[in-house]
Structure formats: structure tokens, C-alpha cells
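A.B. asks: Just one file: run-v7.txt, with compact mmCIF, C-alpha atoms.
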# COMPACT_ATOMS: atom_id res chain seq x y z
CA MET M 1 19.04 29.03 -191.18
CA ASP M 2 17.56 32.53 -191.32
CA ASP M 3 14.01 31.33 -190.82
CA LEU M 4 15.03 29.51 -187.64
CA ILE M 5 16.69 32.65 -186.28
CA ALA M 6 13.73 34.77 -187.33
CA LYS M 7 11.37 32.38 -185.56
CA LEU M 8 13.48 32.59 -182.42
CA GLU M 9 13.63 36.38 -182.56
CA ALA M 10 9.89 36.63 -183.09
CA GLN M 11 9.22 34.36 -180.13
CA PHE M 12 11.63 36.10 -177.76
CA ALA M 13 11.71 39.63 -179.16
CA SER M 14 12.27 41.27 -175.80
CA ALA M 15 14.92 38.81 -174.63
CA VAL M 16 17.31 38.99 -177.57
CA LEU M 17 19.69 41.86 -176.94
CA GLU M 18 22.00 41.61 -179.90
CA LYS M 19 22.41 39.61 -183.07
CA LYS M 20 25.74 39.25 -184.82
CA THR M 21 26.52 37.43 -188.03
CA PHE M 22 30.11 36.81 -188.97
CA ARG M 23 31.19 34.50 -191.78
CA GLY M 24 27.90 32.70 -191.76
CA GLU M 25 27.85 32.16 -188.01
CA THR M 26 25.09 33.72 -185.99
CA SER M 27 25.54 34.76 -182.37
CA LEU M 28 22.64 35.86 -180.24
CA SER M 29 23.17 37.71 -176.97
CA VAL M 30 20.20 37.14 -174.73
CA LYS M 31 19.01 38.13 -171.31
CA PRO M 32 20.29 35.70 -168.66
CA GLU M 33 16.89 35.23 -167.05
CA ALA M 34 15.36 34.23 -170.41
CA PHE M 35 18.23 31.96 -171.45
CA ARG M 36 16.87 28.67 -170.18
CA GLU M 37 13.56 29.18 -171.87
CA ILE M 38 15.29 30.09 -175.13
CA ALA M 39 17.52 27.02 -174.88
CA LYS M 40 14.51 24.81 -174.34
CA TYR M 41 12.77 26.42 -177.31
CA CYS M 42 15.87 25.92 -179.46
CA ARG M 43 16.01 22.25 -178.62
CA ASP M 44 12.32 21.35 -178.74
CA VAL M 45 10.91 23.61 -181.45
CA LEU M 46 13.85 24.65 -183.62
CA GLY M 47 15.56 21.23 -183.51
CA PHE M 48 18.98 22.18 -182.13
CA ASP M 49 19.55 18.69 -180.79
CA TYR M 50 23.31 18.89 -180.34
CA LEU M 51 25.12 21.04 -177.77
CA VAL M 52 28.63 21.30 -179.21
CA ASP M 53 30.32 23.18 -176.42
CA VAL M 54 29.82 25.36 -173.38
CA ALA M 55 32.41 28.05 -172.78
CA SER M 56 32.86 30.97 -170.46
CA ILE M 57 34.65 34.28 -170.90
CA ASP M 58 36.17 36.48 -168.23
CA HIS M 59 35.80 40.15 -169.27
CA PHE M 60 38.09 41.26 -166.49
CA GLU M 61 37.53 44.82 -165.24
CA THR M 62 34.36 45.33 -167.26
CA GLU M 63 30.89 44.87 -165.97
CA PRO M 64 29.17 42.43 -166.21
CA ARG M 65 32.31 40.37 -165.86
CA TRP M 66 31.30 36.87 -166.95
CA GLU M 67 29.92 35.68 -170.23
CA MET M 68 28.57 32.25 -171.00
CA VAL M 69 28.75 30.92 -174.57
CA TYR M 70 26.73 27.97 -175.84
CA GLU M 71 27.38 26.43 -179.23
CA LEU M 72 24.30 24.74 -180.62
CA TYR M 73 24.00 22.62 -183.71
CA SER M 74 21.03 21.11 -185.46
CA MET M 75 21.82 17.70 -186.87
CA SER M 76 18.75 17.67 -189.12
CA ALA M 77 19.06 21.19 -190.53
CA GLY M 78 22.86 21.42 -190.38
CA VAL M 79 22.68 24.83 -188.74
CA HIS M 80 24.98 26.36 -186.17
CA LEU M 81 23.82 28.83 -183.51
CA ARG M 82 25.70 30.57 -180.73
CA LEU M 83 23.88 31.79 -177.63
CA LYS M 84 25.51 34.17 -175.15
CA TYR M 85 24.60 35.93 -171.99
CA ARG M 86 26.47 37.99 -169.43
CA LEU M 87 26.62 37.49 -165.68
CA ALA M 88 27.49 40.00 -162.97
CA GLU M 89 30.72 39.55 -161.05
CA ASP M 90 29.37 39.20 -157.54
CA GLU M 91 26.82 36.48 -158.24
CA PRO M 92 28.20 34.21 -160.93
CA GLU M 93 25.30 31.78 -160.96
CA ALA M 94 23.97 30.44 -164.23
CA PRO M 95 21.02 28.18 -164.99
CA THR M 96 21.99 24.64 -165.89
CA VAL M 97 21.05 23.10 -169.23
CA SER M 98 22.28 19.64 -168.27
CA ASP M 99 18.67 18.44 -168.17
CA LEU M 100 18.17 19.59 -171.78
CA TRP M 101 21.47 18.31 -173.19
CA PRO M 102 23.12 15.73 -170.89
CA THR M 103 26.53 16.62 -172.34
CA ALA M 104 26.30 19.96 -170.55
CA ASN M 105 26.88 18.17 -167.27
CA TRP M 106 30.64 17.89 -167.68
CA HIS M 107 30.95 21.12 -169.68
CA GLU M 108 29.35 23.05 -166.85
CA ARG M 109 31.53 21.29 -164.32
CA GLU M 110 34.56 22.46 -166.29
CA VAL M 111 33.26 26.03 -166.38
CA PHE M 112 32.72 25.86 -162.64
CA ASP M 113 36.19 24.38 -162.07
CA MET M 114 38.06 26.90 -164.18
CA MET M 115 35.97 30.07 -163.77
CA GLY M 116 34.03 29.58 -160.57
CA ILE M 117 30.63 30.15 -162.15
CA ARG M 118 28.06 28.10 -160.27
CA PHE M 119 25.18 26.37 -162.02
CA LYS M 120 21.80 26.40 -160.39
CA ASP M 121 20.15 22.96 -160.13
CA HIS M 122 23.19 21.18 -161.59
CA PRO M 123 22.96 17.51 -160.50
CA ASP M 124 26.66 17.04 -159.72
CA LEU M 125 28.56 20.30 -159.46
CA ARG M 126 32.07 19.14 -158.50
CA ARG M 127 35.45 20.09 -159.87
CA ILE M 128 36.41 18.06 -162.90
CA LEU M 129 40.02 18.94 -163.79
CA MET M 130 41.45 20.21 -160.53
CA TRP M 131 40.88 18.32 -157.30
CA GLU M 132 38.33 18.86 -154.56
CA GLY M 133 39.74 21.40 -152.14
CA TYR M 134 41.79 23.37 -154.66
CA PRO M 135 41.10 26.92 -153.54
CA TYR M 136 41.37 28.89 -156.81
CA PHE M 137 39.72 29.18 -160.22
CA PRO M 138 42.73 29.13 -162.52
CA LEU M 139 41.29 30.47 -165.77
CA ARG M 140 40.19 33.76 -164.23
CA LYS M 141 42.15 36.70 -165.56
CA ASP M 142 43.31 37.72 -162.09
CA PHE M 143 44.88 34.31 -161.49
CA PRO M 144 48.60 34.31 -162.34
CA LEU M 145 49.78 31.87 -165.01
CA GLU M 146 52.53 30.54 -162.75
CA GLY M 147 49.93 29.56 -160.16
CA LYS M 148 49.71 29.96 -156.43
CA PRO M 149 50.82 27.59 -153.72
CA SER M 150 48.13 25.32 -152.32
CA GLU M 151 48.03 22.12 -150.33
CA VAL M 152 45.44 19.44 -149.76
CA PRO M 153 47.19 16.80 -147.67
CA GLU M 154 47.31 13.32 -149.24
CA VAL M 155 45.58 14.58 -152.39
CA ALA M 156 47.64 17.19 -154.19
CA PHE M 157 49.72 20.29 -153.77
CA THR M 158 50.80 23.09 -156.08
CA ASN M 159 53.73 25.46 -156.16
CA VAL M 160 54.56 28.58 -158.10
CA ALA M 161 56.17 27.74 -161.46
CA PRO M 162 59.38 29.59 -162.33
CA LEU M 163 58.53 31.71 -165.35
CA ALA M 164 62.02 33.18 -165.85
CA GLY M 165 60.68 36.40 -167.31
CA GLY M 166 58.02 34.62 -169.31
CA PRO M 167 55.45 33.92 -170.54
CA PHE M 168 57.41 33.54 -173.74
CA VAL M 169 55.52 35.19 -176.52
CA THR M 170 56.02 35.48 -180.24
CA ALA M 171 55.36 38.65 -182.18
CA PRO M 172 53.29 38.66 -185.35
CA THR M 173 55.76 38.93 -188.22
CA ASP M 174 56.55 37.45 -191.59
CA GLY M 175 60.15 36.82 -190.52
CA THR M 176 62.10 33.61 -190.33
CA THR M 177 61.80 31.11 -187.51
CA GLN M 178 64.61 32.94 -185.74
CA VAL M 179 62.63 36.17 -185.74
CA ARG M 180 59.44 34.41 -184.81
CA GLU M 181 61.03 32.53 -181.93
CA PRO M 182 59.11 33.08 -178.68
CA ARG M 183 60.88 35.48 -176.35
CA ALA M 184 60.45 36.51 -172.75
CA ARG M 185 58.68 39.84 -172.44
CA HIS M 186 61.42 41.46 -170.40
CA LEU M 187 64.13 40.73 -172.98
CA PRO M 188 64.99 43.31 -175.63
CA PRO M 189 63.15 42.78 -178.92
CA ALA M 190 64.62 40.50 -181.52
CA PRO M 191 67.35 42.02 -183.69
CA PRO M 192 66.18 43.19 -187.12
CA LYS M 193 65.92 40.68 -189.88
CA ASP M 194 69.06 41.75 -191.74
CA LYS M 195 71.11 40.90 -188.64
CA PHE M 196 70.41 37.24 -189.21
CA ILE M 197 72.89 35.46 -191.37
CA ALA M 198 70.87 32.35 -192.08
CA GLU M 199 67.86 32.77 -194.32
CA PRO M 200 65.96 29.65 -195.24
CA MET H 1 95.26 -39.93 -142.85
CA SER H 2 93.62 -37.10 -144.67
CA VAL H 3 93.58 -36.65 -148.42
CA GLU H 4 94.20 -33.15 -149.62
CA THR H 5 92.01 -32.07 -152.49
CA PRO H 6 93.22 -29.13 -154.53
CA VAL H 7 90.71 -26.23 -154.52
CA ALA H 8 91.92 -24.51 -157.59
CA TYR H 9 91.53 -27.36 -160.00
CA ASP H 10 88.68 -29.79 -160.48
CA SER H 11 88.52 -31.68 -163.72
CA LYS H 12 84.73 -32.07 -163.43
CA VAL H 13 83.97 -28.37 -163.61
CA GLU H 14 86.86 -27.35 -165.74
CA GLY H 15 86.12 -24.17 -167.69
CA ASN H 16 82.76 -23.65 -165.95
CA VAL H 17 83.95 -21.57 -163.06
CA VAL H 18 84.34 -17.82 -163.15
CA PHE H 19 85.83 -15.88 -160.28
CA THR H 20 84.48 -12.40 -159.64
CA ARG H 21 83.49 -10.08 -156.86
CA LEU H 22 79.98 -10.65 -155.57
CA ASP H 23 79.26 -6.95 -155.98
CA ALA H 24 80.14 -7.10 -159.64
CA ALA H 25 78.04 -10.22 -160.18
CA ILE H 26 74.99 -8.75 -158.44
CA ASN H 27 75.33 -5.45 -160.25
CA TRP H 28 75.70 -7.27 -163.54
CA MET H 29 72.53 -9.19 -162.90
CA ARG H 30 70.60 -6.14 -161.73
CA GLY H 31 71.81 -3.95 -164.54
CA ASN H 32 70.87 -6.40 -167.24
CA SER H 33 67.40 -7.26 -166.01
CA LEU H 34 65.92 -3.87 -165.25
CA TRP H 35 62.17 -4.27 -165.23
CA PRO H 36 60.62 -0.90 -166.00
CA MET H 37 57.53 0.58 -164.43
CA PRO H 38 56.18 2.50 -167.44
CA MET H 39 54.80 5.73 -165.98
CA GLY H 40 53.50 6.92 -169.34
CA LEU H 41 51.74 10.24 -168.83
CA ALA H 42 52.00 12.00 -172.18
CA CYS H 43 53.53 11.79 -175.63
CA CYS H 44 56.88 10.49 -174.28
CA ALA H 45 55.02 7.26 -173.58
CA ILE H 46 54.61 6.78 -177.32
CA GLU H 47 58.39 6.86 -177.72
CA LEU H 48 58.67 4.53 -174.76
CA MET H 49 56.38 2.11 -176.58
CA ALA H 50 58.42 2.51 -179.74
CA ALA H 51 61.55 1.68 -177.76
CA SER H 52 60.13 -1.73 -176.95
CA SER H 53 59.07 -2.41 -180.53
CA SER H 54 61.18 -4.56 -182.82
CA ARG H 55 63.06 -1.70 -184.48
CA TYR H 56 64.62 -0.36 -181.29
CA ASP H 57 64.12 -3.47 -179.17
CA ILE H 58 64.71 -2.51 -175.56
CA ALA H 59 64.96 -6.28 -174.92
CA ARG H 60 68.58 -6.09 -176.04
CA PHE H 61 69.26 -4.42 -172.71
CA GLY H 62 67.08 -6.71 -170.65
CA ALA H 63 64.49 -4.04 -169.94
CA GLU H 64 61.60 -5.31 -172.04
CA VAL H 65 59.55 -6.65 -169.15
CA MET H 66 57.21 -3.72 -168.58
CA ARG H 67 55.56 -4.40 -165.26
CA PHE H 68 52.33 -2.67 -164.50
CA SER H 69 52.65 -3.60 -160.86
CA PRO H 70 55.13 -1.45 -158.96
CA ARG H 71 55.96 -4.42 -156.74
CA GLN H 72 57.60 -6.23 -159.62
CA SER H 73 59.58 -3.40 -161.16
CA ASP H 74 63.06 -1.98 -160.69
CA VAL H 75 63.15 1.24 -162.66
CA MET H 76 60.40 3.79 -163.00
CA ILE H 77 60.46 5.53 -166.36
CA VAL H 78 58.52 8.75 -165.88
CA ALA H 79 57.54 9.49 -169.47
CA GLY H 80 55.50 12.63 -169.78
CA THR H 81 54.03 15.68 -168.11
CA VAL H 82 53.47 15.21 -164.39
CA THR H 83 50.54 17.34 -163.34
CA TYR H 84 50.04 18.19 -159.72
CA LYS H 85 46.93 16.04 -159.77
CA MET H 86 49.00 13.05 -160.87
CA ALA H 87 52.10 13.85 -158.81
CA LEU H 88 51.12 12.19 -155.57
CA ALA H 89 49.90 9.10 -157.44
CA VAL H 90 53.34 8.83 -159.06
CA LYS H 91 54.92 9.24 -155.65
CA ARG H 92 52.68 6.54 -154.19
CA ILE H 93 53.59 4.09 -156.94
CA TRP H 94 57.27 4.92 -156.42
CA ASP H 95 56.92 4.21 -152.72
CA GLN H 96 55.39 0.82 -153.53
CA MET H 97 58.39 -0.26 -155.60
CA PRO H 98 60.80 -2.52 -153.69
CA GLU H 99 64.45 -1.58 -153.24
CA PRO H 100 66.74 -1.45 -155.10
CA LYS H 101 64.98 0.94 -157.44
CA TRP H 102 65.94 3.60 -159.91
CA CYS H 103 64.19 6.39 -161.73
CA ILE H 104 64.56 7.73 -165.25
CA ALA H 105 63.04 11.13 -166.00
CA MET H 106 62.27 10.83 -169.68
CA GLY H 107 61.86 14.04 -171.62
CA ALA H 108 61.69 17.73 -170.82
CA CYS H 109 58.41 17.64 -168.91
CA ALA H 110 59.39 14.92 -166.46
CA SER H 111 62.80 16.53 -165.97
CA SER H 112 61.79 20.15 -165.52
CA GLY H 113 58.16 20.73 -166.38
CA GLY H 114 59.20 21.40 -169.96
CA MET H 115 57.19 24.02 -171.77
CA TYR H 116 54.44 23.82 -169.18
CA ARG H 117 55.34 26.72 -166.90
CA SER H 118 51.89 26.68 -165.45
CA TYR H 119 49.77 26.35 -162.36
CA ALA H 120 48.89 22.75 -163.14
CA VAL H 121 52.24 21.09 -163.82
CA LEU H 122 54.88 19.85 -161.39
CA GLN H 123 58.17 21.48 -162.41
CA GLY H 124 60.21 18.29 -162.62
CA ILE H 125 59.63 14.91 -161.02
CA ASP H 126 62.82 15.43 -158.99
CA HIS H 127 60.73 17.56 -156.64
CA LEU H 128 59.23 14.27 -155.47
CA LEU H 129 61.58 11.39 -156.28
CA PRO H 130 65.33 10.86 -156.56
CA VAL H 131 66.09 10.76 -160.29
CA ASP H 132 69.07 8.76 -161.59
CA VAL H 133 69.01 9.65 -165.26
CA TYR H 134 67.51 12.65 -167.05
CA ILE H 135 66.83 12.31 -170.75
CA SER H 136 66.49 15.48 -172.79
CA GLY H 137 64.16 15.79 -175.74
CA CYS H 138 60.56 16.66 -176.40
CA PRO H 139 59.89 13.82 -176.76
CA PRO H 140 63.25 12.01 -176.80
CA ARG H 141 63.72 9.46 -179.53
CA PRO H 142 63.88 5.79 -178.56
CA GLU H 143 67.63 5.87 -179.11
CA ALA H 144 67.88 8.54 -176.42
CA LEU H 145 65.90 6.38 -174.04
CA LEU H 146 68.19 3.43 -174.75
CA ASP H 147 71.19 5.69 -174.18
CA GLY H 148 69.71 6.74 -170.85
CA LEU H 149 69.12 3.10 -169.99
CA MET H 150 72.76 2.29 -170.77
CA LYS H 151 73.87 5.21 -168.61
CA LEU H 152 71.77 3.78 -165.79
CA GLN H 153 73.35 0.35 -166.32
CA LYS H 154 76.78 1.95 -166.05
CA LYS H 155 75.71 3.66 -162.87
CA ILE H 156 74.44 0.40 -161.43
CA MET H 157 77.75 -1.30 -162.26
CA ASN H 158 79.49 1.15 -159.96
CA GLU H 159 77.19 0.62 -157.01
CA ARG H 160 78.39 -1.24 -153.92
CA ALA H 161 75.46 -3.64 -153.81
CA ILE H 162 76.55 -5.89 -150.92
CA GLU H 163 77.93 -3.12 -148.77
CA ASP H 164 74.81 -0.96 -149.13
CA GLN H 165 72.53 -3.89 -148.57
CA LYS H 166 74.47 -5.01 -145.50
CA ARG H 167 74.26 -1.57 -144.00
CA GLU H 168 70.53 -1.52 -144.56
CA LEU H 169 70.25 -4.99 -143.05
CA VAL H 170 72.17 -3.91 -139.97
CA GLU H 171 70.07 -0.80 -139.66
CA ASN H 172 66.91 -2.86 -139.89
CA LEU H 173 68.13 -5.23 -137.18
Spit out the file's structure as C-alpha cells when you get a sec.

C.D. replies:
Amino acid sequence: MDDLIAKLEAQFASAVLEKKTFRGETSLSVKPEAFREIAKYCRDVLGFDYLVDVASIDHFETEPRWEMVYELYSMSAGVHLRLKYRLAEDEPEAPTVSDLWPTANWHEREVFDMMGIRFKDHPDLRRILMWEGYPYFPLRKDFPLEGKPSEVPEVAFTNVAPLAGGPFVTAPTDGTTQVREPRARHLPPAPPKDKFIAEP
Amino acid sequence: MSVETPVAYDSKVEGNVVFTRLDAAINWMRGNSLWPMPMGLACCAIELMAASSSRYDIARFGAEVMRFSPRQSDVMIVAGTVTYKMALAVKRIWDQMPEPKWCIAMGACASSGGMYRSYAVLQGIDHLLPVDVYISGCPPRPEALLDGLMKLQKKIMNERAIEDQKRELVENL
């Protein structure tokens, strides 16, 4: 594990911005322009032959806004590695790794569909969950949970969902199920525990 | 010289004749041979499958013939979450079903969107189709589905089959 990371850091000393280890998991933040090269090195030299997942994070109202997260795994060594890099808000374009790990094809399409991050040289960058013509990127922080109206004739339409004061959230507590029950944010907080008659 | 034959009594068919209204007969036949279109979209479909298994046996109510062609089915059982992406496909299948047809919204999601108050989920199939029976539950047990089916049968028994059909016939002419 450590020797693989050390090898990577030695090879790309200037490109690795930050290294974090938490509960045996290593995350490396790298420079976006060096990411593809690092990914290729990870696959070909270090033996990370399995791309577990590709995710994206919206750090709304901080700059740079977008962050890409790649979960790598080496089948032979049994080692997990997380690679991250940040992207600026105005040009969310990332390099594709679908030529390195074919599974990235659909993962990147999902990232594009939900976050609107485009992938340079992706072979088939279409929406995957929503339909062609849907005008929004619904997992962005500035997109409301209840949605926005849209219409693509003959294909699909969307309307605003009635939230009725929701989203219904539960508060962290050690109380009973009655205390823990999800409540709308605008409602007054749950009555104190001793107000409840039934205790399990 | 003509021979009068009595209409009311014929020894050859004695005991084999039942008098009823045509409406009642047609409704009885329709109600007891409802062929479902299983629109299984989520976990409710599992309960729908259980309802046709031997323990719950939807065949007792004549609705065991799940037809995967809308042209052969009478009742669409919308079992599960209808996303906006799926909604127009459901509508298209509904439009392909021949009259007379009925719709059962099975479970919270099909009835109202359920817990999915979100950008992706249609908030109740009744935004698109006329629903005859709503079944509560998340998912409803097979017994609840059978109860809904019996409610639908009761509803069908009260329909004016001939009169409605005649009116449609006249309108079509």
C-alpha cells in the first residue's frame, strides 16, 4: 500500500497537492491537468486495474466549484486509492478516462447528466438517467429538490413536486422512533421526550 | 290452424335458463375475467407477483391472466414509482388498451408519488390516467391488492355496460 503511494508521489511530486489518510483509506488531490497521466500511471505501472466508481461533488459557493472523485482498486494487491481534483465553475470540462477503464464510460455520462461536467474526448457523452433535451442538471446544489417544470414533447415532461414544507428531515437523537420521526423544517420541533407516553 | 307454444316453459331446457338483465350479465362477465396489464415499476411489483402466487391466488377473482400486451388486457395495475421518464410510456400503453378498461394505482408511489417528492417522479399516475381504485401501502400487501380488485369488481357491477356502449356506438356512427 504505502510503497505504491510513495512511488506515485515520487513520480508526480509536483502534481500531488494533498494526501489524506483516514481509516486506512488514502486520498490524493492532484492537479487537474496532470490527472490523466496519473490515472494512466496508476493503471499501467501500479496495477490499479479496477475503477470502482466515479463521483462528482458540487462545492457550491466556493471556488473551484466542482470536484471529481475516482475510486481505484488493485485486484492483485488489494489496495484502494482515491484520486481527486477540482474544476473551476465556468469551464467544467474534465479529461475522460473511459479509454483507460471502459466502465468509466457510463460513470462519466452519469456525472455529465447530473452535474453538467463535460468530459473531453468521451466517445458517447449523452444523458443516461434523464432524457435528451432535459434542460437542467438536477444534482447541482442550486437546483431545487422539488424540480422545475420542463417539457420535451412526446418524450417526457416534469412538474414541480409539492413539498408541503419539506424536505422532511430527522434530527440526530437517541430518542424513540416518535422523536426520530422525520419532520418538515417549518414545523415546530418535536416535543421533549418526557411528553411521549409510549416508550418501547 | 296455428299451434301456440308456451314461452315460459320448455321441458327440454328445464332448469337451464336464467333470466337477468343484459347489463348485469355483461358486468358479471367483465368483472370476473379482468385481465391485468402488470405495470410493475418498483417494489410493489413484487407484491403483485406474490398476489398471483398460490398463497394469495389472484386466480380466485379471475384476474390471473397477466397480459404483457396492452391489447389483450382490461385493467392496468400501476405497481410502483412512475418517473417522468417512464410516465409517457405508461400513458402510451394505457392508450393502446381497448375499452372497456380500468386502472388500479397500487401503492403510495403510483397514487401520489409516495415518499419521492422529487424532480424525477410523477406525483401520482392520476395526473395522466383516470384511476378507478387507489390502494394504500408501501408496498401494499397482496391482500390489499385483492381488496382493491374486489372493489373494482363492485364498481364494474354498477356500470351501465349496454347503455354506455350504445352511446359510444351512436357517437361513432

A.B. asks: Find the distance between CA of Ile26 (chain H) and CA of Val133 (chain H) and write it in Å to one decimal.

C.D. replies: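 Taking CA of Ile26 (chain H) and CA of Val133 (chain H), their separation equals 20.5 Å.
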
A.B. asks: Work out how far apart CA of Val45 (chain M) and CA of Phe112 (chain M) are and give it in Å to one decimal.

C.D. replies: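 Distance reported for this atom pair: 28.9 Å.
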
A.B. asks: Could you build a table of the residues in chain H lying no more than 12 Å from chain M, giving for each the nearest pair of atoms and their separation in Å rounded to one decimal place, using only C-alpha atoms, ordered by chain and ascending residue number, as a Markdown table?

C.D. replies:
| residue | atom | partner | partner_atom | distance |
| --- | --- | --- | --- | --- |
| H:Val82 | CA | M:Thr158 | CA | 11.8 |
| H:Thr83 | CA | M:Thr158 | CA | 9.3 |
| H:Tyr84 | CA | M:Ala156 | CA | 6.1 |
| H:Lys85 | CA | M:Ala156 | CA | 5.7 |
| H:Met86 | CA | M:Ala156 | CA | 8.0 |
| H:Ala87 | CA | M:Ala156 | CA | 7.2 |
| H:Leu88 | CA | M:Ala156 | CA | 6.2 |
| H:Ala89 | CA | M:Val155 | CA | 8.6 |
| H:Val90 | CA | M:Ala156 | CA | 11.2 |
| H:Lys91 | CA | M:Glu154 | CA | 10.8 |
| H:Arg92 | CA | M:Glu154 | CA | 10.0 |
| H:Ser112 | CA | M:Pro162 | CA | 10.3 |
| H:Gly113 | CA | M:Ala161 | CA | 8.8 |
| H:Gly114 | CA | M:Ala161 | CA | 11.0 |
| H:Met115 | CA | M:Phe168 | CA | 9.7 |
| H:Tyr116 | CA | M:Ala161 | CA | 8.8 |
| H:Arg117 | CA | M:Ala161 | CA | 5.6 |
| H:Ser118 | CA | M:Glu146 | CA | 4.8 |
| H:Tyr119 | CA | M:Gly147 | CA | 3.9 |
| H:Ala120 | CA | M:Thr158 | CA | 7.3 |
| H:Val121 | CA | M:Ala161 | CA | 8.1 |
| H:Leu122 | CA | M:Thr158 | CA | 7.4 |
| H:Gln123 | CA | M:Ala161 | CA | 6.6 |
| H:Gly124 | CA | M:Ala161 | CA | 10.3 |
| H:His127 | CA | M:Asn159 | CA | 10.6 |
| H:Leu128 | CA | M:Phe157 | CA | 11.4 |

A.B. asks: Show which residues sit within 8 Å of Phe48 (chain M), as a list in words. Count all atoms listed in the file, and ignore same-chain residues fewer than 3 positions away.

C.D. replies: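 So, after excluding close chain neighbours, the residues are Cys42, Arg43, Asp44, Leu51, Leu72, Tyr73, Ser74 and Met75 of chain M.
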
A.B. asks: If you measure from CA of Pro142 (chain H) to CA of Ile58 (chain H), what distance in Å do you get, rounded to one decimal?

C.D. replies: 8.9 Å

A.B. asks: Using all atoms listed in the file, collect all residues at a distance of at most 10 Å from (77.9, -3.3, -157.7) as written in the file, then present them as a list in words.

C.D. replies: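 It turns out the residues near that spot are Arg21, Leu22, Asp23, Ala24, Ala25, Ile26, Asn27, Trp28, Met29, Arg30, Gly31, Lys154, Lys155, Ile156, Met157, Asn158, Glu159, Arg160, Ala161, Ile162, Glu163 and Asp164 of chain H.
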
A.B. asks: Pick the closest to Ala79 (chain H) from H:Phe61, H:Tyr134, H:Trp94, H:Trp35: which is it, counting all atoms listed in the file?

C.D. replies: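 Going through H:Phe61, H:Tyr134, H:Trp94, H:Trp35 one by one, the smallest distance to Ala79 (chain H) is for H:Tyr134.
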
A.B. asks: I'd like the contact shell of region 4-13 of chain M - 9 Å cut-off, only C-alpha atoms, skipping same-chain residues fewer than 6 positions apart - returned as a list of chain:residue names.

C.D. replies: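 Those residues are M:Thr26, M:Ala34, M:Ile38, M:Tyr41, M:Cys42, M:Leu46, M:Leu81.
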
A.B. asks: Can you work out which one of H:Pro140, H:Pro36, H:Gly107, H:Pro100 has the shortest atom-to-atom distance to Pro70 (chain H), counting only C-alpha atoms?

C.D. replies: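 Among H:Pro140, H:Pro36, H:Gly107, H:Pro100, it is H:Pro36 that comes nearest to Pro70 (chain H).
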
A.B. asks: From the set M:Arg109, M:His59, M:Glu25, M:Gly165, which residue has the shortest atom-to-atom contact distance to Arg183 (chain M), counting only C-alpha atoms?

C.D. replies: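 Closest candidate: M:Gly165.
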
A.B. asks: Compile the contact shell of Trp66 (chain M) as a PyMOL selection string: residues with an atom at most 8 Å away, counting all atoms listed in the file, same-chain residues fewer than 4 positions apart removed.

C.D. replies: chain M and resi 56-59+86-89+92

A.B. asks: List as a list in words the protein and nucleic acid residues near Ile93 (chain H), meaning an atom at most 12 Å away when only C-alpha atoms are counted, but skip any in the same chain fewer than 4 places from it.

C.D. replies: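 Final neighbour list, sorted by chain and number: Met37, Pro38, Met39, Phe68, Ser69, Pro70, Arg71, Gln72, Ser73, Asp74, Val75, Met76, Ile77, Val78, Met86, Ala87, Leu88, Ala89, Met97, Pro98, Lys101, Cys103, Leu128 and Leu129 of chain H.
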
A.B. asks: When you look at Arg180 (chain M) with a cut-off of 7 Å (counting all atoms listed in the file), what residues show up, excluding the ones that are within fewer than 3 positions of it in the same chain? I need them as a PDB file with C-alpha atoms, keeping the file's coordinate frame.

C.D. replies:
ATOM      1  CA  THR M 170      56.020  35.480-180.240  1.00  0.00           C
ATOM      2  CA  ALA M 171      55.360  38.650-182.180  1.00  0.00           C
ATOM      3  CA  THR M 173      55.760  38.930-188.220  1.00  0.00           C
ATOM      4  CA  GLY M 175      60.150  36.820-190.520  1.00  0.00           C
ATOM      5  CA  THR M 176      62.100  33.610-190.330  1.00  0.00           C
ATOM      6  CA  THR M 177      61.800  31.110-187.510  1.00  0.00           C
TER       7      THR M 177
END
